[in-house]
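Below is one structure; the comments refer to it alone.
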Amino acid sequence: MGNRKPLPVNLTDEQIDEFGREMDSIYYETLESRGDRDRLYILRLIRTQRSLALGGRLVIYASLFLLPAWPHAMAGWGTTLIVMGLGVLMLGIAKILENMEIAHNVLHAQWDWMKDPEIQSNTWEWDTMSPSDRWMHSHNVVHHTWTNVVGKDLDVGYGIMRVTPMQPWKPHYLLQPVYFLLLMLFFEEGVALHEQALIDVLERKKKVRETLPLWKKIGRKVWGQVRKDYIMWPGLAALVAVPISFFVPESPLTVFLLVAAANFVANLIRNVWAFIIIFCGHFPDDVYNFTPEQVEGESRGQWYVRQLLGSANITGGPLFHVMSGNLSHQIEHHLFPDLCSNRYPEVAPRVRALAARYGLPYNTAPLWRQFGTTWLNNLRLAFPGGKLPPEPATG
Amino acid sequence: MGLQEPDPKAGGGWLAKLSSITDMFAYPLRTSHYVELVNPLWTTHRMQARVMDVWDETKDARTITLKPGANWRLHRPGQHIRVGIPVEGRHYTRTYTISSPPERDDGCFTITVKAIAGGRLSHHIVRKLKVGDYIPVGLPQGDFYLPDASPIQPLFITAGSGITPAMSMLRSLILQERLPETVHIHYAPHEFDTIFGRELRQMDAEQPLYKLHEIHTHRNETGGAERFTREGLERLCPDWRERDCYACGPPALLAAIEEIWEEAGLSHRLHIERFRAELAPIPKDAVGGTVRFANADLAVDADGETNLLRVAEDAGLNPPHGCRMGICHTCNTTLKSGCVRDLRSGDFINEPGATVQTCVCAAAGDCELAL
């Protein structure tokens, strides 16, 4: 290994520096070429997303006019559920687009260059329970700086799971297949609770009282979300159903519960999808993790190498990339976190070719492989042991 | 950036109460964000205007007719607005004077913009803006307007696109049928590229109280170019001392006018509207220093002439700003410590807690701002 940094690659310092310079030039070249077409992309996307969200909620309302209690020919549970399902799907997709391709990237300051006062990382609030600024700290600062460094990056297992053999095994990891499923279903809540402060309290490093202002802030955001999806929208439907119930035998309570359930399912769709895509980013087979000693005093080039080795892409078509918030280009996202996401597809082939020239692995595969190995690893690592990704041949 | 946002919570009464409830349906956005999908002019979270018409006044000056959205406030003739313009994806703000009178009954107003050679933003407005486009606008601002009641005898001295505020005033006075005895000296390169030339001449012919002196600065009949001089002023408007003068045009013209009025001890009767801030000469020994942006927890080196807004932007910050010429105060921030120079007057500001207009101030030694 000589005196170079013990990264799991067989490159000299000079080679790594040159690799970094080439990566820099891809980055700056692409930054330079941003312009009106990127602005139109994000504006149209936001417009589409908001239309879908509003449209979805209105379709859910429309489905209530098909309930079996109505005397017309179309009425029946079948038609109700089909139309409601369509509305739920629209709302779910809107939430996915908002969280992943819009908010996640806006909060990464990818669109700050436009100086559009409406689309700024410091003022954007997203449609999820975690307050934007809290998430920006745990994600942009902690995760993107310390990517895959065991003990530093809170996203390595999110404090509850063992995702690499480098994490020492503890008995409670035996339950991690259960955590895996629970986190999948309640991803939104999980992200809101994803705080160093929570771990500090559990480990008795901090008192609950010290962290109270933080929980109040998160609580306010959670309340806003809950109020919207489970009080206001169902409530309005129920309110309208009260006078109608004199003519149509349908209780306002049923209406309330149906709308609340529809919103719950939409949130569930977003949770499951976001969880699947995000878990494919750093936990499939052949993703590297690092120790704090390995990254001490690392150069720009070494940082690039770590981001490349620590992330995994998912292959797919343009629509899939948009729906995954371009986290299917996790490698590019980690190399250039503040480059606007619609440019990842065009830099991806350049990054891949650059990696190939330096003999570095570029982890990309279809969704079934990436998520499949993520799940299998989760099961395997619940038990002690596990295998590390291959070291490159030294020579 | 920093266009004045109409605040739906201020006033509004029942509408504000209603929207605070409907906003719960839109959380974390506001109802207005969804209303925007239907009609951008109905939004309350920001104000936009729709381009209704474009009309070329000269080969490089265009009048844009805009229909403003909800919460618009009628302007006083002579006031200006800030306009947000996206050029190559980036959002810029510029200030333009409203050229139409507030008496228009279609709810629209106009701005008249001359494409400056090499000016990307003015070029974008004049050439790229299409009917049907929506652009962000701010509320009318500025104190360059005629007093409401007192009967004054105005003297307008304007040059080039400096005609716009005077035009709004003249049109308004004529529509209100209370045009006082007015003298107007207007400078333009030629007869054919005088902005509003035909309308001015028509006013001159139809309004007995309005006297127009058009001066063409590019090779007039006698062969020489005519500039503003004291002699010219005495000849065209011998009673200028008895009049209230409203002047708008390039800095050199305004400086000459200021000098004459100051000599006559009549500065209080002179009202001036500038297109850009006039900066004081920077002394050779001006030094910059380290600028600390306290909220961003960032420190950068700056020289003694670059404005602090620019310094902040170059450091990657995106502070609020508007006119970039020291008139709108959107970029105001507080001086926490150190010393800055006001580039217009050359004065130093060194009192902690003082307000700093970052767009027209530069570092004078180390300083710390609450940005």
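Ligands are numbered from 1 in the order shown, residues from 1 within each chain, and chains are lettered A, B, ... in the order they appear in the structure tokens.
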>> Can you pull out every residue from segment 207-280 of chain A that DSSP, working from the backbone, puts in alpha helix (DSSP H), and format the result as a VMD selection string?
In response: chain A and resid 212 to 227 233 to 244 252 to 280
> Near chain B, which residues of chain A fall within 7 Å when you count only C-alpha atoms, and what do they look like as a ChimeraX atom specification?
Replying inline: /A:35-36,38-39,50,113-117,125-127,224-225,228,232-233
Residues from last step as file, N, CA and C atoms, as a compact mmCIF listing (two decimals), in the first residue's frame:
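Contents of result_15.txt, freshly written:
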# COMPACT_ATOMS: atom_id res chain seq x y z
N GLY A 35 -28.72 26.67 -18.26
CA GLY A 35 -29.38 27.81 -18.89
C GLY A 35 -30.88 27.68 -18.87
N ASP A 36 -31.50 28.30 -19.86
CA ASP A 36 -32.94 28.41 -19.89
C ASP A 36 -33.65 27.05 -19.92
N ASP A 38 -32.83 24.31 -18.49
CA ASP A 38 -32.92 23.74 -17.14
C ASP A 38 -34.02 24.43 -16.33
N ARG A 39 -34.12 25.75 -16.51
CA ARG A 39 -35.15 26.50 -15.80
C ARG A 39 -36.54 26.00 -16.22
N ARG A 50 -47.76 19.90 -9.05
CA ARG A 50 -48.87 20.52 -8.30
C ARG A 50 -50.21 20.19 -8.94
N TRP A 113 -28.79 28.52 -8.29
CA TRP A 113 -28.12 29.35 -9.30
C TRP A 113 -29.09 30.19 -10.10
N MET A 114 -30.36 29.74 -10.19
CA MET A 114 -31.33 30.53 -10.95
C MET A 114 -31.70 31.81 -10.23
N LYS A 115 -31.43 31.86 -8.92
CA LYS A 115 -31.80 32.99 -8.08
C LYS A 115 -33.30 33.28 -8.15
N ASP A 116 -34.07 32.28 -8.50
CA ASP A 116 -35.51 32.44 -8.49
C ASP A 116 -35.97 32.43 -7.03
N PRO A 117 -36.59 33.53 -6.57
CA PRO A 117 -36.94 33.59 -5.14
C PRO A 117 -37.90 32.47 -4.72
N GLU A 125 -40.03 24.40 1.58
CA GLU A 125 -40.51 23.47 2.60
C GLU A 125 -41.18 22.33 1.86
N TRP A 126 -40.83 21.10 2.23
CA TRP A 126 -41.35 19.99 1.42
C TRP A 126 -42.51 19.27 2.04
N ASP A 127 -43.16 18.46 1.21
CA ASP A 127 -44.39 17.77 1.58
C ASP A 127 -44.08 16.47 2.31
N GLY A 224 -48.79 19.80 10.82
CA GLY A 224 -49.25 20.41 9.56
C GLY A 224 -49.58 19.34 8.53
N GLN A 225 -48.73 18.32 8.46
CA GLN A 225 -48.93 17.25 7.48
C GLN A 225 -50.15 16.40 7.84
N LYS A 228 -53.42 18.24 7.29
CA LYS A 228 -53.81 18.31 5.89
C LYS A 228 -54.44 17.00 5.41
N MET A 232 -58.19 17.97 7.33
CA MET A 232 -58.80 18.96 6.45
C MET A 232 -59.50 18.32 5.25
N TRP A 233 -58.75 17.52 4.45
CA TRP A 233 -59.36 16.95 3.24
C TRP A 233 -60.49 15.98 3.56
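Shell of segment 160-163 of chain B at 8 Å, with only C-alpha atoms counted and residues fewer than 6 places along the chain excluded, is Thr112, Val113, Lys114, His186, Tyr187, Ala188, Pro189, Thr194, Ile195, Cys248, Gly249 and Pro250 of chain B.
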Since we have the selection now, will you write its residues out, keeping N, CA and C atoms, as a short mmCIF file (atom, residue, chain, number, x, y, z; two decimals), in the first residue's frame?
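Contents of again16.cif, freshly written:
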data_model
loop_
_atom_site.label_atom_id
_atom_site.label_comp_id
_atom_site.auth_asym_id
_atom_site.auth_seq_id
_atom_site.Cartn_x
_atom_site.Cartn_y
_atom_site.Cartn_z
N THR B 112 -41.76 51.39 -20.75
CA THR B 112 -41.11 51.62 -22.03
C THR B 112 -39.61 51.43 -21.84
N VAL B 113 -39.05 50.48 -22.54
CA VAL B 113 -37.69 50.06 -22.30
C VAL B 113 -36.87 50.23 -23.57
N LYS B 114 -35.69 50.82 -23.40
CA LYS B 114 -34.78 50.97 -24.54
C LYS B 114 -33.70 49.90 -24.41
N HIS B 186 -36.96 68.40 -24.34
CA HIS B 186 -36.64 66.97 -24.47
C HIS B 186 -35.50 66.76 -25.47
N TYR B 187 -34.52 65.97 -25.07
CA TYR B 187 -33.38 65.66 -25.91
C TYR B 187 -33.51 64.25 -26.47
N ALA B 188 -33.32 64.12 -27.77
CA ALA B 188 -33.31 62.79 -28.38
C ALA B 188 -32.33 62.84 -29.54
N PRO B 189 -31.80 61.71 -29.96
CA PRO B 189 -30.80 61.74 -31.03
C PRO B 189 -31.32 62.36 -32.32
N THR B 194 -37.26 59.50 -31.61
CA THR B 194 -37.69 60.07 -30.34
C THR B 194 -38.81 59.18 -29.78
N ILE B 195 -38.57 58.65 -28.58
CA ILE B 195 -39.61 57.83 -27.95
C ILE B 195 -40.83 58.73 -27.70
N CYS B 248 -35.12 64.01 -15.82
CA CYS B 248 -34.76 62.59 -15.86
C CYS B 248 -33.96 62.35 -17.13
N GLY B 249 -32.82 61.70 -16.97
CA GLY B 249 -31.97 61.46 -18.14
C GLY B 249 -30.63 60.91 -17.69
N PRO B 250 -29.65 60.93 -18.58
CA PRO B 250 -28.34 60.38 -18.24
C PRO B 250 -27.62 61.23 -17.19
#
> Quick one, how far is atom CA of Pro180 of chain B from atom CA of Trp72 of chain B?
Replying inline: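 Atom CA of Pro180 of chain B sits 29.2 Å away from atom CA of Trp72 of chain B.
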>> Which residues are near Ser122 of chain B? Cut-off 10 Å, only C-alpha atoms, ignore same chain within fewer than 4 positions. Put them as a list in words.
In response: Asp60, Ala61, Arg62, Ile85, Arg94, Val113, Lys114, Ala115, Ile116, Ala117, Gly118, Val126, Arg127 and Lys128 of chain B
